[in-house]
$ cat start28.txt   # compact mmCIF, C-alpha atoms
# COMPACT_ATOMS: atom_id res chain seq x y z
CA MET A 1 -58.37 -3.27 -45.49
CA ASN A 2 -58.28 -7.10 -45.36
CA GLN A 3 -57.09 -7.23 -48.97
CA ILE A 4 -54.31 -4.77 -48.19
CA LYS A 5 -53.21 -6.82 -45.17
CA LYS A 6 -53.27 -10.00 -47.24
CA PHE A 7 -51.22 -8.34 -49.99
CA ILE A 8 -48.61 -7.12 -47.50
CA ARG A 9 -48.48 -10.52 -45.79
CA ASN A 10 -47.97 -12.32 -49.12
CA ARG A 11 -45.23 -9.92 -50.20
CA CYS A 12 -43.42 -10.42 -46.89
CA LYS A 13 -43.71 -14.18 -47.37
CA ASP A 14 -42.32 -13.85 -50.91
CA CYS A 15 -39.39 -11.82 -49.61
CA LEU A 16 -38.55 -14.38 -46.92
CA LEU A 17 -38.89 -17.49 -49.08
CA ASP A 18 -37.53 -16.08 -52.35
CA ILE A 19 -34.69 -13.90 -51.09
CA ILE A 20 -33.82 -13.84 -47.39
CA PHE A 21 -33.92 -17.54 -46.44
CA PRO A 22 -32.20 -18.76 -49.65
CA GLY A 23 -29.61 -16.02 -49.20
CA ILE A 24 -28.80 -17.12 -45.64
CA TYR A 25 -28.41 -20.70 -46.77
CA ASN A 26 -26.23 -19.76 -49.76
CA ILE A 27 -23.81 -17.79 -47.62
CA HIS A 28 -23.22 -20.73 -45.30
CA ARG A 29 -23.21 -23.48 -47.93
CA LYS A 30 -19.80 -22.25 -49.04
CA LYS A 31 -18.35 -24.04 -46.03
CA PRO A 32 -17.51 -27.77 -46.26
CA VAL A 33 -20.17 -30.34 -45.41
CA ASP A 34 -19.68 -31.93 -42.02
CA LYS A 35 -20.13 -35.66 -42.72
CA LYS A 36 -20.96 -36.27 -39.06
CA LYS A 37 -23.69 -33.63 -38.78
CA VAL A 38 -27.33 -34.66 -38.49
CA VAL A 39 -30.07 -32.02 -38.25
CA PHE A 40 -33.58 -32.68 -36.91
CA ILE A 41 -36.17 -30.00 -37.69
CA GLU A 42 -39.24 -29.83 -35.44
CA PRO A 43 -41.63 -27.24 -36.93
CA ARG A 44 -44.05 -26.54 -34.08
CA LEU A 45 -43.57 -28.49 -30.87
CA PRO A 46 -41.31 -27.37 -27.98
CA GLU A 47 -39.38 -30.64 -27.95
CA LEU A 48 -38.38 -33.43 -30.29
CA SER A 49 -41.61 -35.24 -31.19
CA ASN A 50 -42.24 -38.98 -31.18
CA SER A 51 -41.86 -39.05 -34.96
CA PHE A 52 -38.14 -38.52 -34.41
CA GLN A 53 -37.35 -40.06 -31.07
CA VAL A 54 -36.71 -43.69 -32.01
CA LEU A 55 -34.32 -42.71 -34.79
CA TYR A 56 -32.72 -40.02 -32.65
CA GLN A 57 -32.08 -42.46 -29.80
CA GLU A 58 -30.62 -45.04 -32.19
CA LEU A 59 -28.17 -42.44 -33.53
CA VAL A 60 -27.20 -41.35 -30.02
CA ASP A 61 -26.74 -44.89 -28.71
CA HIS A 62 -24.96 -46.56 -31.64
CA TYR A 63 -23.41 -43.92 -33.88
CA ASP A 64 -20.85 -41.17 -33.63
CA PHE A 65 -22.85 -38.29 -35.12
CA ASP A 66 -22.98 -34.62 -34.24
CA ILE A 67 -26.73 -34.19 -33.77
CA HIS A 68 -28.42 -30.78 -33.93
CA ILE A 69 -32.09 -30.12 -33.09
CA HIS A 70 -33.99 -27.06 -34.29
CA LEU A 71 -37.36 -26.17 -32.75
CA LEU A 72 -38.89 -23.61 -35.10
CA ARG A 73 -42.12 -23.11 -33.08
CA GLU A 74 -44.15 -21.93 -36.07
CA THR A 75 -47.41 -20.18 -34.96
CA PHE A 76 -46.42 -20.64 -31.29
CA VAL A 77 -43.98 -17.72 -31.08
CA SER A 78 -43.84 -14.24 -32.55
CA THR A 79 -43.04 -13.86 -36.25
CA GLY A 80 -39.70 -12.30 -35.36
CA GLU A 81 -38.69 -15.19 -33.13
CA TYR A 82 -39.83 -17.72 -35.73
CA ILE A 83 -37.72 -16.04 -38.42
CA LYS A 84 -34.77 -16.04 -36.03
CA ASN A 85 -35.25 -19.77 -35.41
CA CYS A 86 -35.42 -20.44 -39.18
CA LYS A 87 -32.26 -18.42 -39.75
CA LYS A 88 -30.29 -20.50 -37.22
CA MET A 89 -31.65 -23.70 -38.72
CA LEU A 90 -30.66 -22.74 -42.29
CA GLU A 91 -27.14 -21.77 -41.18
CA ASP A 92 -26.81 -25.20 -39.60
CA LEU A 93 -28.47 -27.12 -42.44
CA ALA A 94 -26.08 -25.58 -44.98
CA THR A 95 -23.22 -27.80 -43.75
CA ALA A 96 -25.19 -30.90 -42.67
CA ARG A 97 -24.81 -34.31 -44.25
CA TYR A 98 -28.21 -35.56 -43.06
CA CYS A 99 -31.49 -33.82 -42.29
CA PHE A 100 -34.76 -35.24 -40.99
CA LEU A 101 -38.19 -33.63 -41.27
CA ASN A 102 -41.54 -34.80 -39.92
CA GLU A 103 -43.84 -32.24 -41.52
CA ALA A 104 -44.20 -29.90 -44.48
CA SER A 105 -41.58 -27.15 -44.69
CA SER A 106 -41.67 -24.20 -47.05
CA VAL A 107 -38.40 -23.02 -45.47
CA VAL A 108 -36.45 -26.17 -46.34
CA SER A 109 -38.16 -26.23 -49.74
CA CYS A 110 -37.13 -22.70 -50.72
CA ILE A 111 -33.36 -23.24 -50.74
CA ASN A 112 -31.04 -24.48 -53.47
CA LYS A 113 -30.05 -27.62 -51.57
CA ARG A 114 -26.49 -28.79 -51.97
CA PRO A 115 -26.36 -32.35 -53.36
CA GLU A 116 -24.19 -33.65 -50.51
CA THR A 117 -27.04 -33.22 -48.01
CA ILE A 118 -29.59 -36.03 -47.75
CA ILE A 119 -33.02 -34.86 -46.56
CA THR A 120 -35.48 -37.49 -45.38
CA GLN A 121 -39.15 -36.77 -44.72
CA LEU A 122 -40.18 -39.19 -41.96
CA TRP A 123 -43.66 -37.66 -41.80
CA HIS A 124 -45.66 -37.60 -38.58
CA ALA A 125 -48.33 -40.16 -39.40
CA CYS A 126 -48.87 -43.61 -40.85
CA GLY A 127 -51.18 -44.66 -43.66
CA ALA A 128 -53.13 -42.18 -45.77
CA PHE A 129 -56.27 -40.87 -44.11
CA LYS A 130 -57.20 -37.20 -44.40
CA LYS A 131 -55.84 -35.23 -47.35
CA PHE A 132 -52.89 -32.86 -47.14
CA GLY A 133 -50.57 -30.87 -49.38
CA MET A 134 -51.45 -30.68 -53.06
CA SER A 135 -54.36 -33.07 -52.47
CA THR A 136 -56.22 -30.24 -50.72
CA VAL A 137 -56.16 -27.82 -53.67
CA GLY A 138 -59.73 -26.58 -54.10
CA LEU A 139 -60.74 -27.57 -50.56
CA THR A 140 -61.25 -25.09 -47.73
CA PHE A 141 -58.28 -26.54 -45.82
CA GLY A 142 -55.83 -26.02 -48.68
CA ALA A 143 -54.29 -23.00 -50.36
CA ASP A 144 -54.78 -22.29 -54.05
CA GLU A 145 -52.63 -24.24 -56.48
CA GLU A 146 -50.64 -21.21 -57.66
CA GLN A 147 -49.57 -20.33 -54.10
CA MET A 148 -48.70 -23.95 -53.27
CA LYS A 149 -46.50 -24.24 -56.35
CA ARG A 150 -44.95 -20.81 -55.81
CA HIS A 151 -43.93 -21.76 -52.27
CA PRO A 152 -43.81 -25.59 -52.21
CA PHE A 153 -43.67 -27.60 -49.00
CA TYR A 154 -42.08 -30.83 -50.24
CA LYS A 155 -39.16 -29.78 -52.42
CA ASN A 156 -35.56 -30.88 -51.78
CA LEU A 157 -36.52 -34.31 -50.44
CA ASP A 158 -34.30 -37.33 -51.09
CA TYR A 159 -36.56 -39.80 -49.30
CA VAL A 160 -40.09 -40.02 -47.96
CA THR A 161 -40.78 -42.97 -45.66
CA VAL A 162 -44.28 -44.49 -45.63
CA SER A 163 -46.01 -47.35 -43.85
CA SER A 164 -46.89 -49.58 -46.82
CA PRO A 165 -46.73 -49.80 -50.63
CA GLU A 166 -50.49 -49.18 -50.67
CA VAL A 167 -50.15 -45.48 -49.78
CA VAL A 168 -47.29 -44.44 -52.08
CA TRP A 169 -49.75 -42.96 -54.59
CA ALA A 170 -51.32 -40.70 -51.96
CA TYR A 171 -47.98 -39.23 -50.86
CA ALA A 172 -46.93 -38.74 -54.47
CA GLU A 173 -50.10 -36.73 -55.05
CA ALA A 174 -49.90 -34.75 -51.79
CA MET A 175 -46.21 -33.89 -52.13
CA ASP A 176 -46.31 -33.27 -55.87
CA LEU A 177 -43.88 -36.14 -56.46
CA GLN A 178 -45.65 -37.97 -59.29
CA GLY A 179 -42.46 -37.81 -61.35
CA ARG A 180 -40.28 -38.93 -58.42
CA LYS A 181 -42.25 -41.79 -56.88
CA ASP A 182 -39.03 -43.73 -56.49
CA ILE A 183 -38.03 -41.58 -53.50
CA ILE A 184 -41.21 -42.60 -51.61
CA ARG A 185 -40.03 -45.69 -49.77
CA PRO A 186 -42.38 -48.16 -48.04
CA VAL A 187 -39.74 -49.05 -45.45
CA GLY A 188 -42.02 -48.38 -42.48
CA ILE A 189 -42.39 -45.55 -39.99
CA SER A 190 -39.58 -45.27 -37.45
CA ARG A 191 -41.84 -44.33 -34.54
CA THR A 192 -43.77 -47.62 -34.79
CA ASP A 193 -40.76 -49.76 -33.90
CA VAL A 194 -41.47 -49.25 -30.18
CA TYR A 195 -44.73 -51.21 -30.41
CA PHE A 196 -42.77 -54.38 -31.15
CA ARG A 197 -40.71 -54.14 -27.96
CA GLU A 198 -42.03 -55.97 -24.90
CA GLU A 199 -40.61 -53.38 -22.53
CA THR A 200 -42.59 -50.64 -24.28
CA VAL A 201 -45.91 -52.21 -23.34
CA GLN A 202 -44.78 -53.06 -19.80
CA ASN A 203 -43.50 -49.53 -19.21
CA ALA A 204 -46.66 -48.06 -20.71
CA PHE A 205 -48.84 -49.68 -18.06
CA GLU A 206 -46.48 -48.50 -15.33
CA HIS A 207 -46.61 -44.93 -16.67
CA VAL A 208 -50.41 -44.90 -16.87
CA TYR A 209 -50.94 -46.34 -13.40
CA GLN A 210 -48.37 -43.95 -11.95
CA LYS A 211 -50.17 -40.94 -13.41
CA PHE A 212 -53.70 -42.26 -12.94
CA PRO A 213 -53.85 -44.83 -10.09
CA ALA A 214 -57.65 -45.07 -10.43
CA ALA A 215 -57.14 -46.76 -13.81
CA ARG A 216 -55.59 -49.84 -12.21
CA GLY A 217 -57.89 -52.84 -12.50
CA LYS A 218 -60.12 -51.11 -15.06
CA LYS A 219 -60.31 -51.45 -18.82
CA ILE A 220 -59.28 -48.32 -20.69
CA ILE A 221 -61.17 -46.38 -23.33
CA LEU A 222 -58.96 -43.90 -25.16
CA TYR A 223 -60.56 -40.87 -26.79
CA ALA A 224 -58.00 -39.33 -29.14
CA PRO A 225 -59.56 -36.99 -31.71
CA THR A 226 -57.76 -34.87 -34.26
CA PHE A 227 -58.15 -31.09 -34.29
CA ARG A 228 -60.55 -28.94 -36.26
CA GLY A 229 -59.45 -25.96 -38.34
CA LYS A 230 -55.84 -25.28 -39.27
CA ALA A 231 -52.85 -25.99 -37.04
CA GLY A 232 -52.29 -22.32 -36.21
CA ASN A 233 -55.73 -21.97 -34.58
CA ALA A 234 -56.55 -25.62 -33.90
CA GLN A 235 -59.75 -26.35 -32.00
CA ALA A 236 -60.73 -29.52 -30.14
CA PRO A 237 -64.06 -31.24 -30.88
CA ASP A 238 -66.53 -30.71 -28.05
CA GLN A 239 -69.42 -33.13 -28.64
CA PHE A 240 -68.24 -36.02 -26.46
CA ASP A 241 -70.67 -36.53 -23.57
CA LEU A 242 -68.51 -37.48 -20.60
CA LYS A 243 -71.41 -37.80 -18.19
CA LYS A 244 -73.23 -40.33 -20.36
CA PHE A 245 -70.05 -42.40 -20.63
CA TYR A 246 -69.63 -42.22 -16.86
CA GLU A 247 -73.16 -43.47 -16.27
CA ALA A 248 -72.64 -46.38 -18.68
CA PHE A 249 -69.09 -47.47 -17.91
CA HIS A 250 -67.60 -46.10 -14.69
CA LYS A 251 -67.71 -49.47 -12.92
CA ASP A 252 -65.60 -51.28 -15.50
CA TYR A 253 -63.74 -48.65 -17.51
CA THR A 254 -61.51 -45.60 -17.23
CA LEU A 255 -61.76 -42.95 -19.96
CA ILE A 256 -58.50 -41.25 -20.96
CA ILE A 257 -58.49 -38.26 -23.31
CA LYS A 258 -55.54 -37.32 -25.49
CA HIS A 259 -55.99 -34.15 -27.52
CA HIS A 260 -53.86 -33.33 -30.56
CA PRO A 261 -50.66 -31.53 -29.48
CA VAL A 262 -51.43 -28.37 -31.47
CA VAL A 263 -54.73 -27.81 -29.61
CA ARG A 264 -54.26 -25.12 -26.98
CA ASN A 265 -57.78 -24.67 -25.53
CA ARG A 266 -59.35 -27.97 -24.50
CA PRO A 267 -62.92 -28.70 -23.38
CA GLU A 268 -63.34 -28.69 -19.61
CA ILE A 269 -63.80 -31.98 -17.79
CA PRO A 270 -66.58 -31.74 -15.16
CA GLU A 271 -65.03 -31.55 -11.72
CA ASP A 272 -67.01 -34.50 -10.36
CA LEU A 273 -65.63 -36.78 -13.12
CA ARG A 274 -62.06 -35.50 -13.18
CA GLY A 275 -59.60 -37.83 -11.48
CA THR A 276 -62.13 -40.60 -10.89
CA PHE A 277 -63.39 -41.74 -14.29
CA VAL A 278 -62.04 -39.21 -16.83
CA PHE A 279 -58.40 -38.25 -17.19
CA ASP A 280 -56.80 -35.79 -19.59
CA ALA A 281 -53.41 -37.17 -20.61
CA SER A 282 -52.69 -34.53 -23.25
CA ASP A 283 -49.74 -33.12 -21.29
CA THR A 284 -48.70 -36.11 -19.22
CA LEU A 285 -48.56 -39.30 -21.29
CA SER A 286 -47.32 -40.11 -24.77
CA ILE A 287 -49.68 -41.41 -27.41
CA GLU A 288 -47.47 -44.52 -27.60
CA ASP A 289 -48.14 -45.30 -23.94
CA LEU A 290 -51.85 -44.80 -24.41
CA LEU A 291 -52.14 -46.92 -27.54
CA CYS A 292 -50.29 -49.74 -25.79
CA VAL A 293 -52.65 -49.88 -22.81
CA SER A 294 -56.05 -49.04 -24.34
CA ASP A 295 -58.67 -51.72 -24.78
CA ILE A 296 -60.78 -49.52 -27.07
CA CYS A 297 -59.78 -46.47 -29.11
CA ILE A 298 -62.30 -43.81 -30.07
CA SER A 299 -61.08 -41.38 -32.70
CA ASP A 300 -62.46 -39.54 -35.70
CA TYR A 301 -60.07 -38.59 -38.51
CA SER A 302 -56.74 -39.10 -36.77
CA SER A 303 -54.01 -41.21 -38.34
CA LEU A 304 -53.23 -42.79 -34.98
CA ILE A 305 -55.75 -45.48 -35.95
CA PHE A 306 -53.11 -46.97 -38.22
CA GLU A 307 -50.75 -47.43 -35.29
CA PHE A 308 -53.51 -48.75 -33.04
CA SER A 309 -54.35 -51.38 -35.66
CA LEU A 310 -51.01 -53.05 -34.85
CA PHE A 311 -52.64 -54.22 -31.60
CA GLU A 312 -55.72 -55.61 -33.43
CA ARG A 313 -58.11 -54.11 -30.85
CA PRO A 314 -61.52 -52.44 -31.28
CA MET A 315 -61.84 -48.95 -32.76
CA ILE A 316 -64.82 -46.61 -32.88
CA PHE A 317 -65.07 -43.62 -35.20
CA TYR A 318 -66.96 -40.69 -33.69
CA ALA A 319 -67.60 -38.74 -36.89
CA TYR A 320 -70.51 -36.50 -35.91
CA ASP A 321 -69.29 -33.83 -38.37
CA LEU A 322 -68.28 -36.15 -41.21
CA GLU A 323 -69.93 -34.21 -44.04
CA GLU A 324 -68.50 -30.91 -42.85
CA TYR A 325 -65.02 -32.38 -42.39
CA PHE A 326 -65.16 -34.01 -45.82
CA ASP A 327 -65.93 -30.65 -47.44
CA TRP A 328 -63.22 -29.01 -45.34
CA ARG A 329 -60.37 -31.44 -45.96
CA GLY A 330 -61.41 -34.71 -47.61
CA PHE A 331 -60.03 -38.27 -47.45
CA TYR A 332 -57.86 -40.48 -49.64
CA TYR A 333 -60.22 -43.44 -49.35
CA PRO A 334 -64.02 -43.58 -48.89
CA TYR A 335 -64.33 -42.99 -45.15
CA GLU A 336 -66.95 -45.53 -44.20
CA GLU A 337 -65.35 -48.22 -46.39
CA MET A 338 -61.85 -47.90 -44.95
CA THR A 339 -62.60 -47.47 -41.24
CA PRO A 340 -62.13 -50.84 -39.44
CA GLY A 341 -64.87 -50.19 -36.91
CA PRO A 342 -68.31 -48.58 -36.55
CA VAL A 343 -68.79 -44.98 -37.66
CA CYS A 344 -70.98 -43.25 -35.08
CA LYS A 345 -72.72 -39.89 -35.19
CA THR A 346 -73.97 -39.86 -31.59
CA ASN A 347 -72.76 -40.71 -28.10
CA GLU A 348 -75.62 -43.18 -27.76
CA GLU A 349 -74.37 -45.19 -30.76
CA MET A 350 -70.89 -45.43 -29.26
CA ILE A 351 -72.20 -46.48 -25.87
CA ASP A 352 -74.42 -49.13 -27.40
CA TYR A 353 -71.53 -50.58 -29.41
CA ILE A 354 -69.25 -50.79 -26.37
CA GLN A 355 -71.99 -52.44 -24.32
CA HIS A 356 -72.20 -55.16 -26.99
CA ILE A 357 -68.58 -55.13 -28.08
CA HIS A 358 -67.94 -58.85 -27.61
CA GLN A 359 -70.67 -59.70 -30.10
CA ARG A 360 -70.00 -56.89 -32.58
CA PHE A 361 -66.22 -56.46 -32.75
CA ASP A 362 -64.89 -57.81 -36.06
CA LYS A 363 -61.21 -58.46 -35.44
CA GLN A 364 -60.58 -59.67 -38.99
CA LYS A 365 -61.57 -56.26 -40.32
CA VAL A 366 -58.83 -54.67 -38.22
CA VAL A 367 -56.30 -57.31 -39.30
CA ASP A 368 -57.09 -56.68 -42.96
CA PHE A 369 -56.78 -52.93 -42.39
CA LYS A 370 -53.39 -53.42 -40.72
CA ASN A 371 -52.09 -55.65 -43.49
CA LYS A 372 -53.14 -53.14 -46.13
CA PHE A 373 -51.88 -49.92 -44.59
CA MET A 374 -49.13 -50.98 -42.15
CA SER A 375 -47.39 -53.88 -43.90
CA ALA A 376 -43.94 -52.26 -43.68
CA CYS A 377 -44.20 -51.58 -39.95
CA ASP A 378 -42.63 -54.64 -38.36
CA GLY A 379 -40.29 -53.27 -35.71
CA HIS A 380 -37.35 -52.78 -38.09
CA ALA A 381 -38.23 -49.54 -39.89
CA THR A 382 -35.48 -47.52 -38.22
CA GLU A 383 -32.89 -50.06 -39.29
CA ARG A 384 -34.00 -49.77 -42.91
CA ILE A 385 -34.01 -45.97 -42.76
CA LEU A 386 -30.46 -45.96 -41.44
CA ASN A 387 -29.41 -48.24 -44.28
CA MET A 388 -30.80 -45.65 -46.70
CA MET A 389 -28.77 -42.96 -44.95
CA ARG A 390 -25.57 -44.92 -45.31
CA THR A 391 -25.97 -45.82 -48.97
CA GLY A 392 -27.33 -42.49 -50.20
CA PRO A 393 -29.87 -41.90 -52.97
CA SER A 394 -27.42 -42.12 -55.86
CA THR A 395 -26.56 -45.76 -55.10
CA LEU A 396 -30.02 -47.07 -54.36

$ encode --input "start28.txt" --output "structure tokens"
Amino acid sequence: MNQIKKFIRNRCKDCLLDIIFPGIYNIHRKKPVDKKKVVFIEPRLPELSNSFQVLYQELVDHYDFDIHIHLLRETFVSTGEYIKNCKKMLEDLATARYCFLNEASSVVSCINKRPETIITQLWHACGAFKKFGMSTVGLTFGADEEQMKRHPFYKNLDYVTVSSPEVVWAYAEAMDLQGRKDIIRPVGISRTDVYFREETVQNAFEHVYQKFPAARGKKIILYAPTFRGKAGNAQAPDQFDLKKFYEAFHKDYTLIIKHHPVVRNRPEIPEDLRGTFVFDASDTLSIEDLLCVSDICISDYSSLIFEFSLFERPMIFYAYDLEEYFDWRGFYYPYEEMTPGPVCKTNEEMIDYIQHIHQRFDKQKVVDFKNKFMSACDGHATERILNMMRTGPSTL
């Protein structure tokens, strides 16, 4: 029965990506391109994500563009509604001059893109940490190579923006762009520009204290793990011992948790700790605010560590399931060699490190990490991306 269901599901997918979606696009591409139209495609979230917002605001404030936003809501709505959302997006994209993505898209990849449209993949992360795309062929996380080539995720791109020259090779491998490395541009990641603005940091503290008044006067530990599993059924890690952290640090620190946005069911915070020492900011504060104000960041395999390195502050890597995660998804660089902070398997190790952080924190290791993986992130990435838009790929 499972094989039959899988066969039917694959045939439906073939029909959508080989016939229906390309057909919708082809019908509407007969109309003239609107040189003022810009399309943003958000694949899952219910609003425009932070990967887009700096660029979006720049276009709104300083340019005369007709901006369209499409929230596809993949895996968050019914299949019928998702298809309907894709249909509207393709009708709109068919006459757009510019399009911005922040994630893989088999829908955008399945069309015969008209050459007048410039599609830029801004991606949703900096650096190159855990593997994705074609790099996951043969791993549990990835699909088989035949399926990934039959329905590619990174076709029709004119640009891919990355955070440094160091990681170009990884994106070329993941996006199957070995023959088109020239379109992978180390111009920086637009979303990081905010970290170079004084008002961003000032406002971040105001936002945190407004939401969590008990944090005022305390140092902040941020726990921001990535999800486990695939995005459609993402699970949060559940091995963090909040009570042990309370016992060790409640006098001097506040602990703020930020789960990945695709995680729906989050571990419960004990009632006696909630609102006094531990706060869940998953729905209330942006990751930008939290990175700006945090004295220490605890993560695992999340690419937010690249952004946090811009502040040159301590990081801890709680990788209690490192071997399992490596087999599941893998990394572009040897994990324990690249991480600019201690790799811990237990809560006790993390607590001990924080208790001796002034003696053990190696700031130079973070600086070297930043220079290697974030060299193009200097507060002017959005400006360079807009220059690419204006000139177009044929003249670069």

$ closest_residue --input "start28.txt" --among "A:Lys35, A:Phe65, A:Gly127, A:Tyr320" --to "A:Val168" --atoms "all atoms listed in the file"
A:Gly127

$ atom_distance --input "start28.txt" --atom1 "atom CA of A:Ser299" --atom2 "atom CA of A:Phe317"
5.2 Å

$ closest_residue --input "start28.txt" --among "A:Cys126, A:Val194, A:Ile119, A:Leu322" --to "A:Val54" --atoms "all atoms listed in the file"
A:Val194

$ closest_residue --input "start28.txt" --among "A:Pro340, A:Gly229, A:Gly379, A:Pro270" --to "A:Tyr325" --atoms "all atoms listed in the file"
A:Gly229

$ axis_aligned_box --input "start28.txt" --around "stretch 256-268 of chain A" --padding-each-side "4 Å" --output "JSON"
{"center_x": -57.0, "center_y": -33.0, "center_z": -25.5, "size_x": 20.7, "size_y": 24.6, "size_z": 19.9}

$ residues_around --input "start28.txt" --residues "A:Gln355" --least-positions-apart "5" --cutoff "9 Å" --atoms "all atoms listed in the file" --output "JSON, numbers by chain"
{"A": [248, 249, 350]}

$ atom_distance --input "start28.txt" --atom1 "atom CA of A:Asn26" --atom2 "atom CA of A:Ser51"
28.9 Å

$ closest_residue --input "start28.txt" --among "A:Arg191, A:Lys36, A:His151, A:Lys181" --to "A:Val107" --atoms "only C-alpha atoms"
A:His151

$ residues_around --input "start28.txt" --residues "A:Thr284" --least-positions-apart "2" --cutoff "10 Å" --atoms "all atoms listed in the file" --output "PyMOL selection string"
chain A and resi 207-208+211+258+280-282+286-287

$ atom_distance --input "start28.txt" --atom1 "atom CA of A:Lys244" --atom2 "atom CA of A:Val263"
24.2 Å

$ residues_around --input "start28.txt" --residues "stretch 254-257 of chain A" --least-positions-apart "4" --cutoff "6 Å" --atoms "all atoms listed in the file" --output "PyMOL selection string"
chain A and resi 215+220-224+277-281

$ residues_around --input "start28.txt" --residues "A:Ala231" --least-positions-apart "6" --cutoff "10 Å" --atoms "all atoms listed in the file" --output "ChimeraX atom specification"
/A:44,74-75,260-263

$ decode --input "start28.txt" --residues "stretch 227-278 of chain A" --atoms "C-alpha atoms" --output "PDB file, in the first residue's frame"
ATOM      1  CA  PHE A 227      15.240  21.726  13.971  1.00  0.00           C
ATOM      2  CA  ARG A 228      15.492  17.967  13.640  1.00  0.00           C
ATOM      3  CA  GLY A 229      13.937  16.031  10.767  1.00  0.00           C
ATOM      4  CA  LYS A 230      12.653  17.661   7.599  1.00  0.00           C
ATOM      5  CA  ALA A 231      10.954  21.041   7.430  1.00  0.00           C
ATOM      6  CA  GLY A 232       7.494  19.556   6.886  1.00  0.00           C
ATOM      7  CA  ASN A 233       7.556  17.724  10.238  1.00  0.00           C
ATOM      8  CA  ALA A 234      10.274  19.660  12.043  1.00  0.00           C
ATOM      9  CA  GLN A 235      10.936  18.756  15.669  1.00  0.00           C
ATOM     10  CA  ALA A 236      12.715  20.797  18.340  1.00  0.00           C
ATOM     11  CA  PRO A 237      15.601  19.278  20.330  1.00  0.00           C
ATOM     12  CA  ASP A 238      14.534  18.491  23.893  1.00  0.00           C
ATOM     13  CA  GLN A 239      17.726  17.759  25.854  1.00  0.00           C
ATOM     14  CA  PHE A 240      18.358  21.227  27.293  1.00  0.00           C
ATOM     15  CA  ASP A 241      18.048  21.119  31.093  1.00  0.00           C
ATOM     16  CA  LEU A 242      16.422  24.408  32.053  1.00  0.00           C
ATOM     17  CA  LYS A 243      16.387  23.670  35.771  1.00  0.00           C
ATOM     18  CA  LYS A 244      20.133  23.050  35.908  1.00  0.00           C
ATOM     19  CA  PHE A 245      20.746  26.334  34.089  1.00  0.00           C
ATOM     20  CA  TYR A 246      18.438  28.105  36.522  1.00  0.00           C
ATOM     21  CA  GLU A 247      20.318  26.735  39.518  1.00  0.00           C
ATOM     22  CA  ALA A 248      23.662  27.816  38.044  1.00  0.00           C
ATOM     23  CA  PHE A 249      22.845  31.199  36.529  1.00  0.00           C
ATOM     24  CA  HIS A 250      19.532  32.740  37.616  1.00  0.00           C
ATOM     25  CA  LYS A 251      21.207  35.451  39.696  1.00  0.00           C
ATOM     26  CA  ASP A 252      23.250  36.881  36.830  1.00  0.00           C
ATOM     27  CA  TYR A 253      21.654  35.693  33.591  1.00  0.00           C
ATOM     28  CA  THR A 254      18.384  35.466  31.695  1.00  0.00           C
ATOM     29  CA  LEU A 255      17.906  32.542  29.305  1.00  0.00           C
ATOM     30  CA  ILE A 256      15.999  33.285  26.088  1.00  0.00           C
ATOM     31  CA  ILE A 257      14.967  30.485  23.732  1.00  0.00           C
ATOM     32  CA  LYS A 258      14.383  30.984  20.022  1.00  0.00           C
ATOM     33  CA  HIS A 259      13.200  27.901  18.162  1.00  0.00           C
ATOM     34  CA  HIS A 260      13.459  27.550  14.382  1.00  0.00           C
ATOM     35  CA  PRO A 261      10.376  29.083  12.704  1.00  0.00           C
ATOM     36  CA  VAL A 262       9.290  25.803  11.076  1.00  0.00           C
ATOM     37  CA  VAL A 263       9.017  24.031  14.459  1.00  0.00           C
ATOM     38  CA  ARG A 264       5.377  23.836  15.498  1.00  0.00           C
ATOM     39  CA  ASN A 265       5.481  21.808  18.746  1.00  0.00           C
ATOM     40  CA  ARG A 266       8.009  23.178  21.219  1.00  0.00           C
ATOM     41  CA  PRO A 267       9.220  21.692  24.521  1.00  0.00           C
ATOM     42  CA  GLU A 268       7.330  22.994  27.541  1.00  0.00           C
ATOM     43  CA  ILE A 269       9.035  25.454  29.867  1.00  0.00           C
ATOM     44  CA  PRO A 270       8.420  24.545  33.538  1.00  0.00           C
ATOM     45  CA  GLU A 271       5.878  26.933  35.002  1.00  0.00           C
ATOM     46  CA  ASP A 272       8.104  27.965  37.912  1.00  0.00           C
ATOM     47  CA  LEU A 273      10.851  29.103  35.487  1.00  0.00           C
ATOM     48  CA  ARG A 274       8.653  30.709  32.850  1.00  0.00           C
ATOM     49  CA  GLY A 275       8.667  34.496  32.982  1.00  0.00           C
ATOM     50  CA  THR A 276      11.358  34.708  35.651  1.00  0.00           C
ATOM     51  CA  PHE A 277      14.503  33.111  34.238  1.00  0.00           C
ATOM     52  CA  VAL A 278      13.454  31.418  30.970  1.00  0.00           C
TER      53      VAL A 278
END
